[in-house]
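To keep things clear, I will list the structure first and then write my remarks on it.
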Amino acid sequence: CHNSFIEWAKGDAGVAAYTVSSVIFVAQAACVVIGWILAYKMGGSGDLKKCADPTILRKFAHIGMIYAMGDIFEMESVNYIDSSTYTVLSQSKLIITALLMQVVDGTKQNMMQWFILFTTSAGMLEYVLVGKSKGAGMTFSTVGIALALVKVVISCYVAVLNQKALKKDSNPFPVQFSALKVSWAATSLVYMIVKDGFLGNWDLFG
């Protein structure tokens with residue numbers, strides 16, 4: 001995930017040598033290109049043209065923007081907490097998503113499904129905690145924890161919205177994927193320009 005890559009790349013330094021905003025933008029821009037290639041490979045020029053259809057782009061625009069906001073919170077949190085701490089906090093994602101699906105989409109989980117969700121979350125939590133206990137301690141920060149928790153809530157909510165949008169749309173998946181990533185990348189670009197441009201020294205990529 002993003003935060004693990006950032007932590008690995010910055011090594012012993014306090015912060016990464018490049019801007020976190022550039023990581024988000026480059027990753028999503030690459031996904032847009034991949035989506036276009038898949039659309040052309042699977043559906044020819046017809047599906048490729050659909051990737052630029054304003055109607056389809058608008059349908060997924062708000063979802064991509066929310067996904068980008070989740071990325072922003074995730075990437076900023078890595079400057080305050082380590083990836084293990086973030087992973088522990090993110091284990092609530094499965095349960096929160098299931099609750100939101102019940103409220104927003106009306107999809108209910110049976111007793112066995114709830115048991116599996118809690119068991120999986122607890123197992124992953126134990127794995128991280130046991131592995132971390134053998135090495136350095138986990139890094140806690142009020143700001144970092146707050147950012148990570150906001151990211152978890154956003155990712156759960158947008159996952160439900162995305163599932164509903166995909167069900168209602170009949171276009172091939174590569175078209176849907178690229179449409180989602182266009183707004184995701186555009187939002188990331190705006191964030192990069194504002195944060196490291198207008199509010200920084202215009203060193204957008206670090």
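In the structure tokens, chains take the letters A, B, ... in the order shown, each chain's residues start at 1, and ligands count up from 1 in the order shown.
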Residue set, region 2-186 of chain A restricted to alpha helix (DSSP H), as a VMD selection string: chain A and resid 2 to 10 20 to 50 54 to 77 83 to 90 93 to 100 111 to 133 142 to 168 173 to 186
For Ala68 (chain A), list every protein, DNA or RNA residue within 12 Å, evaluated using only C-alpha atoms, and leave out those in the same chain fewer than 4 positions away; present the list as a ChimeraX atom specification. /A:21,23-25,27-29,61-64,72-75,151,154-155,158,180-192
Restricted to N, CA and C atoms, what would the selected residues look like written as an mmCIF file, in the first residue's frame?
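Full text of out-v5.cif as output:
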```
data_model
loop_
_atom_site.group_PDB
_atom_site.id
_atom_site.type_symbol
_atom_site.label_atom_id
_atom_site.label_comp_id
_atom_site.auth_asym_id
_atom_site.auth_seq_id
_atom_site.Cartn_x
_atom_site.Cartn_y
_atom_site.Cartn_z
ATOM 1 N N SER A 21 2.252 13.957 -2.365
ATOM 2 C CA SER A 21 1.233 14.244 -3.373
ATOM 3 C C SER A 21 1.629 13.710 -4.739
ATOM 4 N N VAL A 23 3.329 11.013 -5.329
ATOM 5 C CA VAL A 23 3.131 9.564 -5.347
ATOM 6 C C VAL A 23 1.693 9.238 -5.714
ATOM 7 N N ILE A 24 0.760 9.959 -5.113
ATOM 8 C CA ILE A 24 -0.658 9.733 -5.403
ATOM 9 C C ILE A 24 -0.951 10.023 -6.873
ATOM 10 N N PHE A 25 -0.497 11.177 -7.354
ATOM 11 C CA PHE A 25 -0.800 11.579 -8.727
ATOM 12 C C PHE A 25 -0.202 10.626 -9.759
ATOM 13 N N ALA A 27 0.733 7.534 -9.451
ATOM 14 C CA ALA A 27 0.098 6.216 -9.386
ATOM 15 C C ALA A 27 -1.238 6.216 -10.121
ATOM 16 N N GLN A 28 -2.056 7.242 -9.889
ATOM 17 C CA GLN A 28 -3.373 7.279 -10.514
ATOM 18 C C GLN A 28 -3.298 7.620 -12.006
ATOM 19 N N ALA A 29 -2.344 8.462 -12.390
ATOM 20 C CA ALA A 29 -2.158 8.762 -13.812
ATOM 21 C C ALA A 29 -1.762 7.500 -14.570
ATOM 22 N N ALA A 61 -17.147 10.629 -11.386
ATOM 23 C CA ALA A 61 -16.290 11.741 -10.955
ATOM 24 C C ALA A 61 -16.255 11.901 -9.439
ATOM 25 N N HIS A 62 -17.439 11.927 -8.807
ATOM 26 C CA HIS A 62 -17.464 12.162 -7.363
ATOM 27 C C HIS A 62 -16.833 11.016 -6.589
ATOM 28 N N ILE A 63 -16.940 9.801 -7.125
ATOM 29 C CA ILE A 63 -16.354 8.646 -6.448
ATOM 30 C C ILE A 63 -14.827 8.727 -6.492
ATOM 31 N N GLY A 64 -14.291 9.067 -7.653
ATOM 32 C CA GLY A 64 -12.846 9.215 -7.778
ATOM 33 C C GLY A 64 -12.299 10.316 -6.887
ATOM 34 N N ILE A 72 -5.088 10.972 0.192
ATOM 35 C CA ILE A 72 -4.397 12.122 0.772
ATOM 36 C C ILE A 72 -4.236 11.946 2.280
ATOM 37 N N PHE A 73 -5.303 11.530 2.945
ATOM 38 C CA PHE A 73 -5.226 11.308 4.389
ATOM 39 C C PHE A 73 -4.257 10.173 4.715
ATOM 40 N N GLU A 74 -4.279 9.124 3.895
ATOM 41 C CA GLU A 74 -3.378 7.994 4.123
ATOM 42 C C GLU A 74 -1.918 8.411 3.981
ATOM 43 N N MET A 75 -1.624 9.131 2.919
ATOM 44 C CA MET A 75 -0.242 9.508 2.639
ATOM 45 C C MET A 75 0.291 10.500 3.664
ATOM 46 N N LYS A 151 -9.183 8.312 7.040
ATOM 47 C CA LYS A 151 -8.945 7.544 5.824
ATOM 48 C C LYS A 151 -9.773 6.260 5.818
ATOM 49 N N ILE A 154 -13.471 7.104 5.182
ATOM 50 C CA ILE A 154 -13.656 7.518 3.787
ATOM 51 C C ILE A 154 -13.601 6.316 2.854
ATOM 52 N N SER A 155 -12.617 5.455 3.041
ATOM 53 C CA SER A 155 -12.442 4.305 2.151
ATOM 54 C C SER A 155 -13.627 3.345 2.254
ATOM 55 N N VAL A 158 -16.696 5.176 0.450
ATOM 56 C CA VAL A 158 -16.562 5.254 -1.003
ATOM 57 C C VAL A 158 -16.606 3.870 -1.646
ATOM 58 N N LEU A 180 -13.153 6.196 -13.444
ATOM 59 C CA LEU A 180 -12.931 6.420 -12.017
ATOM 60 C C LEU A 180 -11.561 7.035 -11.765
ATOM 61 N N LYS A 181 -10.552 6.499 -12.453
ATOM 62 C CA LYS A 181 -9.180 6.948 -12.230
ATOM 63 C C LYS A 181 -8.916 8.350 -12.785
ATOM 64 N N VAL A 182 -9.688 8.785 -13.784
ATOM 65 C CA VAL A 182 -9.490 10.133 -14.342
ATOM 66 C C VAL A 182 -9.763 11.190 -13.273
ATOM 67 N N SER A 183 -10.913 11.087 -12.614
ATOM 68 C CA SER A 183 -11.227 12.063 -11.564
ATOM 69 C C SER A 183 -10.314 11.890 -10.360
ATOM 70 N N TRP A 184 -9.916 10.665 -10.104
ATOM 71 C CA TRP A 184 -8.978 10.373 -9.002
ATOM 72 C C TRP A 184 -7.651 11.074 -9.254
ATOM 73 N N ALA A 185 -7.133 10.921 -10.477
ATOM 74 C CA ALA A 185 -5.860 11.543 -10.833
ATOM 75 C C ALA A 185 -5.983 13.063 -10.881
ATOM 76 N N ALA A 186 -7.102 13.564 -11.400
ATOM 77 C CA ALA A 186 -7.296 15.013 -11.492
ATOM 78 C C ALA A 186 -7.330 15.656 -10.107
ATOM 79 N N THR A 187 -8.023 15.019 -9.171
ATOM 80 C CA THR A 187 -8.078 15.534 -7.803
ATOM 81 C C THR A 187 -6.698 15.505 -7.159
ATOM 82 N N SER A 188 -5.953 14.430 -7.423
ATOM 83 C CA SER A 188 -4.596 14.311 -6.889
ATOM 84 C C SER A 188 -3.687 15.395 -7.453
ATOM 85 N N LEU A 189 -3.875 15.728 -8.737
ATOM 86 C CA LEU A 189 -3.075 16.780 -9.370
ATOM 87 C C LEU A 189 -3.365 18.133 -8.740
ATOM 88 N N VAL A 190 -4.646 18.407 -8.508
ATOM 89 C CA VAL A 190 -5.019 19.668 -7.865
ATOM 90 C C VAL A 190 -4.403 19.766 -6.479
ATOM 91 N N TYR A 191 -4.471 18.666 -5.741
ATOM 92 C CA TYR A 191 -3.877 18.639 -4.401
ATOM 93 C C TYR A 191 -2.374 18.887 -4.458
ATOM 94 N N MET A 192 -1.705 18.276 -5.420
ATOM 95 C CA MET A 192 -0.254 18.444 -5.559
ATOM 96 C C MET A 192 0.100 19.889 -5.874
#
```
Need the shell around Ser178 (chain A): protein/DNA/RNA residues with any atom at most 7 Å away, counting only C-alpha atoms. Skip same-chain ones fewer than 3 positions apart. Format as a list in words? Val32, Gly35, Trp36, Cys51, Pro174, Val175, Lys181 and Val182 of chain A
Residues as selected, N, CA and C atoms, written as a compact mmCIF listing (two decimals), in the first residue's frame, can you do that?
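Saved result, part-v9.txt, follows:
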```txt
# COMPACT_ATOMS: atom_id res chain seq x y z
N VAL A 32 -4.80 5.40 -15.13
CA VAL A 32 -5.63 5.89 -16.24
C VAL A 32 -5.13 5.32 -17.56
N GLY A 35 -5.92 1.68 -17.81
CA GLY A 35 -7.34 1.50 -18.12
C GLY A 35 -7.63 1.70 -19.60
N TRP A 36 -7.01 2.72 -20.20
CA TRP A 36 -7.19 2.96 -21.63
C TRP A 36 -6.66 1.79 -22.46
N CYS A 51 -14.07 5.81 -22.91
CA CYS A 51 -13.26 6.28 -21.78
C CYS A 51 -13.24 7.80 -21.69
N PRO A 174 -12.98 -2.08 -17.89
CA PRO A 174 -11.88 -1.16 -18.18
C PRO A 174 -12.35 0.28 -18.39
N VAL A 175 -13.54 0.46 -18.97
CA VAL A 175 -14.10 1.79 -19.17
C VAL A 175 -14.46 2.41 -17.82
N LYS A 181 -10.55 6.50 -12.45
CA LYS A 181 -9.18 6.95 -12.23
C LYS A 181 -8.92 8.35 -12.78
N VAL A 182 -9.69 8.79 -13.78
CA VAL A 182 -9.49 10.13 -14.34
C VAL A 182 -9.76 11.19 -13.27
```
d(CA of Gln102 (chain A), CA of Lys168 (chain A)) in Å: 17.8 Å
When you look at region 113-125 of chain A with a cut-off of 12 Å (counting only C-alpha atoms), what residues show up, excluding the ones that are within fewer than 4 positions of it in the same chain? I need them as a count of residues only. 23
With a distance cut-off of 10 Å and only C-alpha atoms, select the neighbouring residues of Ser141 (chain A), excluding the residue or stretch itself and same-chain residues fewer than 6 positions from it, and output the selection as number ranges by chain. A: 77, 79-82, 85, 147
Please write the residues from the selection above to a file, keeping N, CA and C atoms, as a compact mmCIF listing (two decimals), in the first residue's frame.
```txt
# COMPACT_ATOMS: atom_id res chain seq x y z
N SER A 77 -0.67 10.66 6.77
CA SER A 77 -0.54 10.00 8.08
C SER A 77 0.81 9.32 8.26
N ASN A 79 3.67 10.38 7.79
CA ASN A 79 4.68 11.27 8.38
C ASN A 79 4.55 11.34 9.91
N TYR A 80 3.48 10.72 10.44
CA TYR A 80 3.26 10.77 11.88
C TYR A 80 3.24 9.39 12.53
N ILE A 81 2.85 8.36 11.80
CA ILE A 81 2.81 7.00 12.34
C ILE A 81 3.45 6.05 11.34
N ASP A 82 3.92 4.90 11.84
CA ASP A 82 4.54 3.92 10.95
C ASP A 82 3.47 3.05 10.31
N THR A 85 1.35 0.66 12.63
CA THR A 85 0.29 1.33 13.36
C THR A 85 -0.89 1.61 12.45
N LEU A 147 -5.71 11.12 11.23
CA LEU A 147 -5.66 11.06 9.77
C LEU A 147 -5.96 9.65 9.28
```
Just the residues within 9 Å of Leu48 (chain A), please, counting only C-alpha atoms, with nothing from its chain fewer than 5 positions along; format it as an mmCIF file with all heavy atoms, in the first residue's frame.
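To be explicit, this is the file written out as selection_23.cif:
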```
data_model
loop_
_atom_site.group_PDB
_atom_site.id
_atom_site.type_symbol
_atom_site.label_atom_id
_atom_site.label_comp_id
_atom_site.auth_asym_id
_atom_site.auth_seq_id
_atom_site.Cartn_x
_atom_site.Cartn_y
_atom_site.Cartn_z
ATOM 1 N N TRP A 36 -7.007 2.721 -20.196
ATOM 2 C CA TRP A 36 -7.193 2.963 -21.628
ATOM 3 C C TRP A 36 -6.656 1.794 -22.459
ATOM 4 O O TRP A 36 -7.291 1.380 -23.435
ATOM 5 C CB TRP A 36 -6.487 4.252 -22.035
ATOM 6 C CG TRP A 36 -7.140 5.493 -21.502
ATOM 7 C CD1 TRP A 36 -8.404 5.602 -21.004
ATOM 8 C CD2 TRP A 36 -6.554 6.794 -21.409
ATOM 9 N NE1 TRP A 36 -8.656 6.888 -20.602
ATOM 10 C CE2 TRP A 36 -7.542 7.646 -20.842
ATOM 11 C CE3 TRP A 36 -5.312 7.316 -21.737
ATOM 12 C CZ2 TRP A 36 -7.309 8.999 -20.608
ATOM 13 C CZ3 TRP A 36 -5.071 8.666 -21.519
ATOM 14 C CH2 TRP A 36 -6.064 9.497 -20.959
ATOM 15 N N ILE A 37 -5.494 1.288 -22.074
ATOM 16 C CA ILE A 37 -4.899 0.169 -22.814
ATOM 17 C C ILE A 37 -5.792 -1.069 -22.727
ATOM 18 O O ILE A 37 -6.039 -1.743 -23.739
ATOM 19 C CB ILE A 37 -3.490 -0.152 -22.261
ATOM 20 C CG1 ILE A 37 -2.535 1.012 -22.557
ATOM 21 C CG2 ILE A 37 -2.947 -1.440 -22.883
ATOM 22 C CD1 ILE A 37 -1.163 0.859 -21.915
ATOM 23 N N LEU A 38 -6.294 -1.361 -21.534
ATOM 24 C CA LEU A 38 -7.176 -2.521 -21.355
ATOM 25 C C LEU A 38 -8.470 -2.353 -22.142
ATOM 26 O O LEU A 38 -8.983 -3.322 -22.732
ATOM 27 C CB LEU A 38 -7.483 -2.716 -19.868
ATOM 28 C CG LEU A 38 -6.324 -3.180 -18.984
ATOM 29 C CD1 LEU A 38 -6.760 -3.222 -17.526
ATOM 30 C CD2 LEU A 38 -5.840 -4.564 -19.431
ATOM 31 N N ALA A 39 -9.002 -1.127 -22.139
ATOM 32 C CA ALA A 39 -10.241 -0.872 -22.880
ATOM 33 C C ALA A 39 -10.040 -1.110 -24.372
ATOM 34 O O ALA A 39 -10.889 -1.720 -25.043
ATOM 35 C CB ALA A 39 -10.711 0.565 -22.622
ATOM 36 N N TYR A 40 -8.908 -0.661 -24.891
ATOM 37 C CA TYR A 40 -8.621 -0.856 -26.321
ATOM 38 C C TYR A 40 -8.377 -2.330 -26.635
ATOM 39 O O TYR A 40 -8.850 -2.836 -27.659
ATOM 40 C CB TYR A 40 -7.408 -0.016 -26.719
ATOM 41 C CG TYR A 40 -7.051 -0.143 -28.183
ATOM 42 C CD1 TYR A 40 -7.794 0.547 -29.148
ATOM 43 C CD2 TYR A 40 -5.998 -0.946 -28.603
ATOM 44 C CE1 TYR A 40 -7.485 0.430 -30.494
ATOM 45 C CE2 TYR A 40 -5.678 -1.066 -29.939
ATOM 46 C CZ TYR A 40 -6.429 -0.378 -30.889
ATOM 47 O OH TYR A 40 -6.123 -0.514 -32.220
ATOM 48 N N LYS A 41 -7.656 -3.007 -25.763
ATOM 49 C CA LYS A 41 -7.347 -4.416 -25.992
ATOM 50 C C LYS A 41 -8.600 -5.283 -25.957
ATOM 51 O O LYS A 41 -8.738 -6.250 -26.728
ATOM 52 C CB LYS A 41 -6.358 -4.916 -24.936
ATOM 53 C CG LYS A 41 -4.943 -4.356 -25.073
ATOM 54 C CD LYS A 41 -4.237 -4.920 -26.294
ATOM 55 C CE LYS A 41 -2.789 -4.457 -26.340
ATOM 56 N NZ LYS A 41 -2.075 -4.990 -27.540
ATOM 57 N N GLY A 43 -11.983 -4.098 -26.057
ATOM 58 C CA GLY A 43 -13.153 -3.638 -26.796
ATOM 59 C C GLY A 43 -12.858 -2.796 -28.015
ATOM 60 O O GLY A 43 -13.784 -2.262 -28.649
ATOM 61 N N VAL A 175 -13.543 0.456 -18.967
ATOM 62 C CA VAL A 175 -14.101 1.795 -19.168
ATOM 63 C C VAL A 175 -14.461 2.406 -17.819
ATOM 64 O O VAL A 175 -14.168 3.581 -17.547
ATOM 65 C CB VAL A 175 -15.343 1.735 -20.078
ATOM 66 C CG1 VAL A 175 -15.983 3.120 -20.208
ATOM 67 C CG2 VAL A 175 -14.968 1.197 -21.450
#
```
